[in-house]
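Dropping input-v6.txt in here (compact mmCIF, C-alpha atoms):
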# COMPACT_ATOMS: atom_id res chain seq x y z
CA LEU A 1 13.09 -24.05 -9.57
CA VAL A 2 13.01 -20.43 -10.74
CA LEU A 3 16.33 -20.71 -12.62
CA ARG A 4 15.25 -24.00 -14.21
CA SER A 5 11.98 -22.43 -15.36
CA MET A 6 13.82 -19.43 -16.82
CA ALA A 7 16.21 -21.72 -18.70
CA LYS A 8 13.34 -23.65 -20.29
CA ALA A 9 11.11 -20.68 -21.05
CA LYS A 10 10.98 -18.87 -24.37
CA TYR A 11 11.95 -15.55 -22.89
CA SER A 12 12.45 -12.21 -24.59
CA ALA A 13 14.37 -9.29 -23.08
CA GLU A 14 11.76 -6.83 -24.36
CA PRO A 15 9.30 -7.36 -21.46
CA VAL A 16 12.05 -6.38 -19.02
CA GLY A 17 12.08 -2.94 -20.61
CA HIS A 18 8.30 -2.80 -20.34
CA CYS A 19 8.55 -3.68 -16.64
CA VAL A 20 11.02 -0.87 -16.11
CA VAL A 21 8.62 1.53 -17.82
CA PHE A 22 5.73 0.30 -15.64
CA MET A 23 7.84 0.73 -12.50
CA ILE A 24 8.83 4.25 -13.46
CA GLY A 25 5.14 4.95 -14.12
CA TYR A 26 4.39 3.58 -10.64
CA TRP A 27 6.86 6.02 -9.09
CA LEU A 28 5.61 8.90 -11.23
CA SER A 29 2.02 8.21 -10.15
CA GLU A 30 2.98 8.31 -6.48
CA ALA A 31 5.04 11.44 -7.07
CA SER A 32 2.01 13.02 -8.77
CA THR A 33 -0.17 12.23 -5.75
CA ILE A 34 2.34 13.78 -3.37
CA HIS A 35 2.84 16.74 -5.70
CA VAL A 36 -0.84 17.69 -6.03
CA MET A 37 -1.14 17.48 -2.24
CA LEU A 38 1.89 19.68 -1.64
CA LYS A 39 1.24 22.12 -4.47
CA SER A 40 -2.06 23.18 -2.91
CA MET A 41 -0.28 24.11 0.35
CA HIS A 42 3.17 25.06 -0.92
CA PRO A 43 2.87 26.55 -4.45
CA LYS A 44 6.66 26.72 -4.91
CA MET A 45 6.97 22.94 -4.75
CA LYS A 46 8.72 21.49 -7.81
CA PHE A 47 7.74 18.16 -9.30
CA TRP A 48 11.37 17.04 -9.30
CA ASN A 49 11.41 17.34 -5.50
CA SER A 50 8.16 15.37 -5.30
CA TRP A 51 9.82 12.69 -7.45
CA LEU A 52 12.87 12.60 -5.18
CA THR A 53 10.60 12.37 -2.14
CA THR A 54 8.91 9.34 -3.67
CA ILE A 55 12.21 7.58 -4.42
CA ILE A 56 13.47 8.32 -0.91
CA GLY A 57 10.29 6.86 0.58
CA GLN A 58 10.51 3.76 -1.58
CA TYR A 59 14.14 3.20 -0.61
CA PHE A 60 13.66 3.53 3.14
CA ASN A 61 10.47 1.44 3.02
CA CYS A 62 12.56 -1.36 1.53
CA ILE A 63 15.37 -1.28 4.10
CA THR A 64 13.38 -0.73 7.32
CA PRO A 65 11.18 -3.30 9.14
CA SER A 66 7.51 -3.22 8.08
CA SER A 67 8.25 -0.21 5.84
CA THR A 68 8.34 2.11 8.86
CA GLY A 69 11.18 4.36 7.70
CA GLY A 70 9.68 5.78 4.53
CA GLN A 71 7.42 8.57 5.78
CA PRO A 72 9.78 9.99 8.46
CA MET A 73 12.58 10.29 5.90
CA GLN A 74 10.20 11.81 3.35
CA ALA A 75 9.14 14.43 5.90
CA TYR A 76 12.79 15.14 6.72
CA TYR A 77 13.74 15.67 3.08
CA LEU A 78 10.66 17.77 2.36
CA VAL A 79 11.86 20.18 5.04
CA LYS A 80 15.27 20.22 3.34
CA PHE A 81 13.47 21.07 0.07
CA GLY A 82 11.96 24.13 1.78
CA VAL A 83 8.51 22.71 2.58
CA PRO A 84 7.15 23.65 6.04
CA LEU A 85 6.99 20.59 8.30
CA GLY A 86 3.23 20.96 8.85
CA CYS A 87 2.56 21.02 5.09
CA GLY A 88 4.81 18.02 4.50
CA ILE A 89 3.18 15.91 7.21
CA THR A 90 -0.32 16.87 6.03
CA ALA A 91 0.51 15.88 2.44
CA LEU A 92 2.10 12.56 3.44
CA LEU A 93 -0.73 11.60 5.79
CA SER A 94 -3.35 12.59 3.20
CA ARG A 95 -1.55 10.44 0.62
CA PHE A 96 -1.51 7.54 3.13
CA ILE A 97 -5.26 7.88 3.74
CA VAL A 98 -6.06 7.90 0.02
CA TYR A 99 -3.72 4.96 -0.64
CA GLN A 100 -5.33 2.84 2.08
CA PHE A 101 -8.83 3.48 0.74
CA VAL A 102 -7.87 2.68 -2.86
CA LEU A 103 -5.87 -0.41 -1.82
CA THR A 104 -8.78 -1.75 0.23
CA GLY A 105 -11.14 -1.16 -2.69
CA TYR A 106 -8.75 -3.09 -4.91
CA SER A 107 -8.60 -5.87 -2.32
CA ILE A 108 -12.36 -6.20 -2.17
CA PHE A 109 -12.56 -6.31 -5.95
CA THR A 110 -9.84 -8.94 -6.29
CA LEU A 111 -11.30 -11.09 -3.52
CA ALA A 112 -14.57 -11.11 -5.45
CA VAL A 113 -13.05 -11.67 -8.91
CA GLY A 114 -10.01 -13.80 -8.20
CA TYR A 115 -11.21 -16.29 -5.63
CA LYS A 116 -13.08 -18.47 -8.11
CA HIS A 117 -9.91 -18.85 -10.24
CA PHE A 118 -7.47 -20.08 -7.60
CA GLY A 119 -9.17 -20.11 -4.20
CA ASP A 120 -8.90 -23.91 -3.97
CA ASP A 121 -5.16 -23.78 -4.72
CA LEU A 122 -4.63 -21.24 -1.96
CA GLN A 123 -6.49 -23.38 0.54
CA GLN A 124 -4.55 -26.51 -0.42
CA LYS A 125 -1.22 -24.70 -0.01
CA GLY A 126 -2.30 -23.16 3.31
CA LEU A 127 -1.98 -19.57 2.05
CA MET A 128 -5.60 -18.46 2.36
CA PRO A 129 -5.31 -17.56 6.08
CA PHE A 130 -2.51 -15.12 5.25
CA VAL A 131 -4.60 -13.54 2.47
CA LEU A 132 -7.57 -13.13 4.81
CA ILE A 133 -5.45 -11.73 7.63
CA GLY A 134 -3.82 -9.23 5.26
CA PHE A 135 -7.26 -8.19 4.01
CA ILE A 136 -8.59 -7.89 7.57
CA ILE A 137 -5.63 -5.72 8.59
CA ASN A 138 -6.14 -3.38 5.60
CA THR A 139 -9.87 -3.22 6.34
CA ALA A 140 -9.22 -2.54 10.03
CA VAL A 141 -7.03 0.42 9.08
CA ILE A 142 -9.85 1.82 6.95
CA VAL A 143 -12.43 1.29 9.72
CA ALA A 144 -10.12 3.09 12.17
CA LEU A 145 -9.64 5.99 9.75
CA ILE A 146 -13.39 6.29 9.16
CA ALA A 147 -14.00 6.20 12.91
CA ILE A 148 -11.52 9.06 13.36
CA ALA A 149 -13.14 11.04 10.54
CA LEU A 150 -16.73 10.62 11.76
CA PHE A 151 -16.44 9.90 15.47
CA ARG A 152 -13.30 11.60 16.76
CA LYS A 153 -14.53 12.01 20.34
CA GLY A 154 -15.89 8.47 20.46
CA THR A 155 -12.61 7.13 19.06
CA LEU A 156 -10.64 8.97 21.75
CA LYS A 157 -12.96 7.64 24.47
CA PHE A 158 -12.52 4.10 23.16
CA ALA A 159 -8.73 4.53 23.01
CA ASN A 160 -8.63 5.83 26.59
CA TRP A 161 -10.84 2.95 27.77
CA LEU A 162 -8.59 0.45 26.00
CA ILE A 163 -5.46 2.01 27.54
CA SER A 164 -7.07 1.82 31.00
CA LEU A 165 -7.95 -1.83 30.43
CA LEU A 166 -4.42 -2.68 29.28
CA THR A 167 -3.02 -0.79 32.28
CA ARG A 168 -5.11 -2.87 34.70
CA MET A 169 -3.85 -5.98 32.90
CA HIS A 170 -0.27 -4.71 33.45
CA ILE A 171 0.39 -4.64 29.70
CA VAL A 172 0.70 -0.86 29.47
CA LYS A 173 3.02 0.65 32.07
CA ARG A 174 2.84 4.36 31.19
CA PRO A 175 -0.82 5.13 30.35
CA ILE A 176 -0.44 8.92 30.35
CA LYS A 177 2.21 8.71 27.66
CA TRP A 178 -0.03 6.51 25.50
CA ARG A 179 -3.08 8.77 26.03
CA VAL A 180 -1.10 11.80 24.89
CA TYR A 181 0.23 9.86 21.91
CA PHE A 182 -3.19 8.61 20.76
CA THR A 183 -4.81 12.02 21.25
CA ARG A 184 -2.11 13.66 19.14
CA GLU A 185 -2.34 11.04 16.36
CA VAL A 186 -6.16 11.05 16.26
CA ASN A 187 -6.26 14.84 16.05
CA LYS A 188 -3.61 14.77 13.32
CA PHE A 189 -5.62 12.35 11.15
CA TYR A 190 -8.85 14.20 11.88
CA ASN A 191 -7.34 17.49 10.67
CA ASN A 192 -6.16 15.73 7.51
CA PHE A 193 -9.67 14.44 6.84
CA LYS A 194 -11.01 17.98 7.24
CA TYR A 195 -8.41 19.16 4.74
CA LEU A 196 -9.41 16.48 2.21
CA LYS A 197 -13.13 17.17 2.66
CA LYS A 198 -12.55 20.83 1.84
CA ASN A 199 -10.56 19.95 -1.31
CA ILE A 200 -12.70 17.46 -3.24
CA PRO A 201 -11.00 18.09 -6.65
CA LEU A 202 -7.65 17.46 -4.97
CA LEU A 203 -9.02 14.27 -3.41
CA LEU A 204 -10.32 13.01 -6.76
CA LYS A 205 -6.95 13.69 -8.44
CA SER A 206 -5.19 11.79 -5.67
CA VAL A 207 -7.56 8.82 -5.99
CA PHE A 208 -7.00 8.78 -9.76
CA PHE A 209 -3.19 8.83 -9.49
CA THR A 210 -3.25 6.18 -6.75
CA PHE A 211 -5.47 3.94 -8.86
CA ILE A 212 -3.03 4.29 -11.78
CA GLN A 213 -0.12 3.61 -9.42
CA LEU A 214 -1.60 0.34 -8.12
CA THR A 215 -2.75 -0.77 -11.58
CA LEU A 216 0.75 -0.30 -13.05
CA PHE A 217 2.36 -2.13 -10.13
CA LEU A 218 -0.08 -5.05 -10.24
CA SER A 219 0.27 -5.35 -14.04
CA ILE A 220 4.03 -5.95 -14.01
CA SER A 221 3.50 -9.67 -13.38
CA TYR A 222 1.38 -9.89 -16.54
CA VAL A 223 4.20 -8.38 -18.62
CA LEU A 224 6.65 -10.95 -17.23
CA TYR A 225 4.09 -13.71 -17.66
CA ARG A 226 3.74 -12.99 -21.37
CA GLY A 227 7.49 -12.49 -21.67
CA PHE A 228 8.01 -16.13 -20.66
CA GLY A 229 5.74 -17.22 -23.52
CA LEU A 230 2.82 -18.11 -21.24
CA GLU A 231 -0.82 -17.72 -22.20
CA GLY A 232 -4.31 -18.62 -21.06
CA THR A 233 -4.82 -16.04 -18.31
CA SER A 234 -6.19 -12.53 -18.74
CA LEU A 235 -4.71 -9.29 -17.44
CA LEU A 236 -7.59 -9.01 -14.96
CA GLN A 237 -6.79 -12.41 -13.47
CA ILE A 238 -3.09 -11.61 -13.18
CA ILE A 239 -3.92 -8.34 -11.43
CA SER A 240 -6.08 -10.35 -9.03
CA TYR A 241 -3.22 -12.80 -8.40
CA GLN A 242 -0.76 -10.00 -7.73
CA ALA A 243 -3.21 -8.21 -5.44
CA TYR A 244 -3.39 -11.40 -3.38
CA VAL A 245 0.42 -11.38 -3.18
CA LEU A 246 0.27 -7.76 -2.02
CA MET A 247 -2.21 -8.67 0.70
CA ILE A 248 -0.02 -11.55 1.89
CA SER A 249 3.21 -9.52 1.87
CA SER A 250 1.56 -6.60 3.69
CA PHE A 251 0.97 -8.98 6.59
CA ILE A 252 4.22 -10.99 6.38
CA PRO A 253 6.65 -9.15 4.07
CA LEU A 254 8.89 -12.16 3.39
CA PRO A 255 10.07 -13.15 -0.11
CA VAL A 256 9.38 -16.83 0.60
CA PHE A 257 5.64 -16.23 0.83
CA GLN A 258 5.63 -14.21 -2.38
CA ALA A 259 7.67 -16.86 -4.18
CA LEU A 260 5.46 -19.69 -2.90
CA PHE A 261 2.35 -17.86 -4.01
CA HIS A 262 3.70 -17.18 -7.52
CA ILE A 263 4.77 -20.82 -7.87
CA THR A 264 1.30 -21.94 -6.80
CA VAL A 265 -0.42 -19.71 -9.33
CA PHE A 266 1.76 -20.42 -12.35
CA GLN A 267 2.23 -24.09 -11.59
CA ASN A 268 -1.47 -24.83 -11.38
CA ARG A 269 -3.04 -22.38 -13.79
CA GLN A 270 -0.72 -21.77 -16.74
CA ARG A 271 0.82 -23.57 -19.70
CA VAL A 272 3.77 -22.73 -21.95
CA ARG A 273 3.28 -22.29 -25.67

Take the structure from the file and write it as structure tokens.
Amino acid sequence: LVLRSMAKAKYSAEPVGHCVVFMIGYWLSEASTIHVMLKSMHPKMKFWNSWLTTIIGQYFNCITPSSTGGQPMQAYYLVKFGVPLGCGITALLSRFIVYQFVLTGYSIFTLAVGYKHFGDDLQQKGLMPFVLIGFIINTAVIVALIAIALFRKGTLKFANWLISLLTRMHIVKRPIKWRVYFTREVNKFYNNFKYLKKNIPLLLKSVFFTFIQLTLFLSISYVLYRGFGLEGTSLLQIISYQAYVLMISSFIPLPVFQALFHITVFQNRQRVR
């Protein structure tokens, strides 16, 4: 279906170059976020190393399940670049916190703007549950982060209660290990929130670069869309469509769901010149 559509479309190679530029901009934006975080703690940090750290993270996110390998490898290479491990972990966690907040804000916006354009199509194809679950997962991460930032002791008490409950249900077999793990992780995120609260200009720069990063990434589909000679849908709508894809793939990162979603959108909403 994709190859047949490409053969029939009035396609120009120029948009491919634009997509490459947008993708490089996406990487540069992430590198800028990491760099401003690291520069405040490690003044000798070079932007080239921040760029390499970004590319390394992107690569290992792509080849490991659920993108779990990116941050550990980034931390490892930051140490090789001469960055103290504590500074590297703080910068990467702070970048993760900012990214989650901006992504959730984008998700809320696109749910409000985009649903009226293709909500019925999603329901007919059975994709809406995946969108909602992806949104709920992203929102749950934000709620957990806010709880850690504002109610650290309460969050630890809840985590210990939950571990005790799961132990009584014979789901958790080594509760002490899990209590130590959660206490360490909660304290780690709490210290990162304290760091961000003390550096508001740094936080605002990071939010700005992350917003640019997501906007460039979500706009790539619009460049391809116009490159195939299609019209009738605005950039804002395409960004909304792509944000829905991002929410689906964050829950089930399988190409088939992304392909099915794109086919649904372009098959039902667009026309060729």

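Straight-line separation from CA of Ala140 (chain A) to CA of Gln124 (chain A): 26.6 Å.
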
Which distance in Å separates CA of Pro15 (chain A) and CA of Arg226 (chain A), to one decimal?
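Between these atoms lies a distance of 7.9 Å.
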
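A straight line drawn from CA of Lys153 (chain A) to CA of Met41 (chain A) is 27.4 Å long.
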
Point out the residue among A:Ile212, A:Leu224, A:Leu236, A:Leu196 with the least atom-to-atom distance to Val16 (chain A), counting all atoms listed in the file.
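Result for the nearest residue to Val16 (chain A): A:Leu224.
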
Judged by only C-alpha atoms, the minimum distance to Val102 (chain A) among A:Ile142, A:Ala147, A:Phe47, A:Leu52 is found for A:Ile142

Residues near Val207 (chain A), anyone? I mean within 9 Å using all atoms listed in the file, not counting same-chain ones fewer than 2 positions away, as a VMD selection string.
chain A and resid 33 98 to 99 101 to 102 202 to 205 209 to 212

Write out as number ranges by chain each polymer residue whose atoms come within 9 Å of Gln237 (chain A), counting all atoms listed in the file; drop sequence neighbours fewer than 2 positions from it.
A: 110, 113-114, 117, 233-235, 239-242

Quick one: of A:Phe208, A:Phe182, A:Phe22, A:Phe228, who's nearest to Ile148 (chain A), counting all atoms listed in the file?
A:Phe182
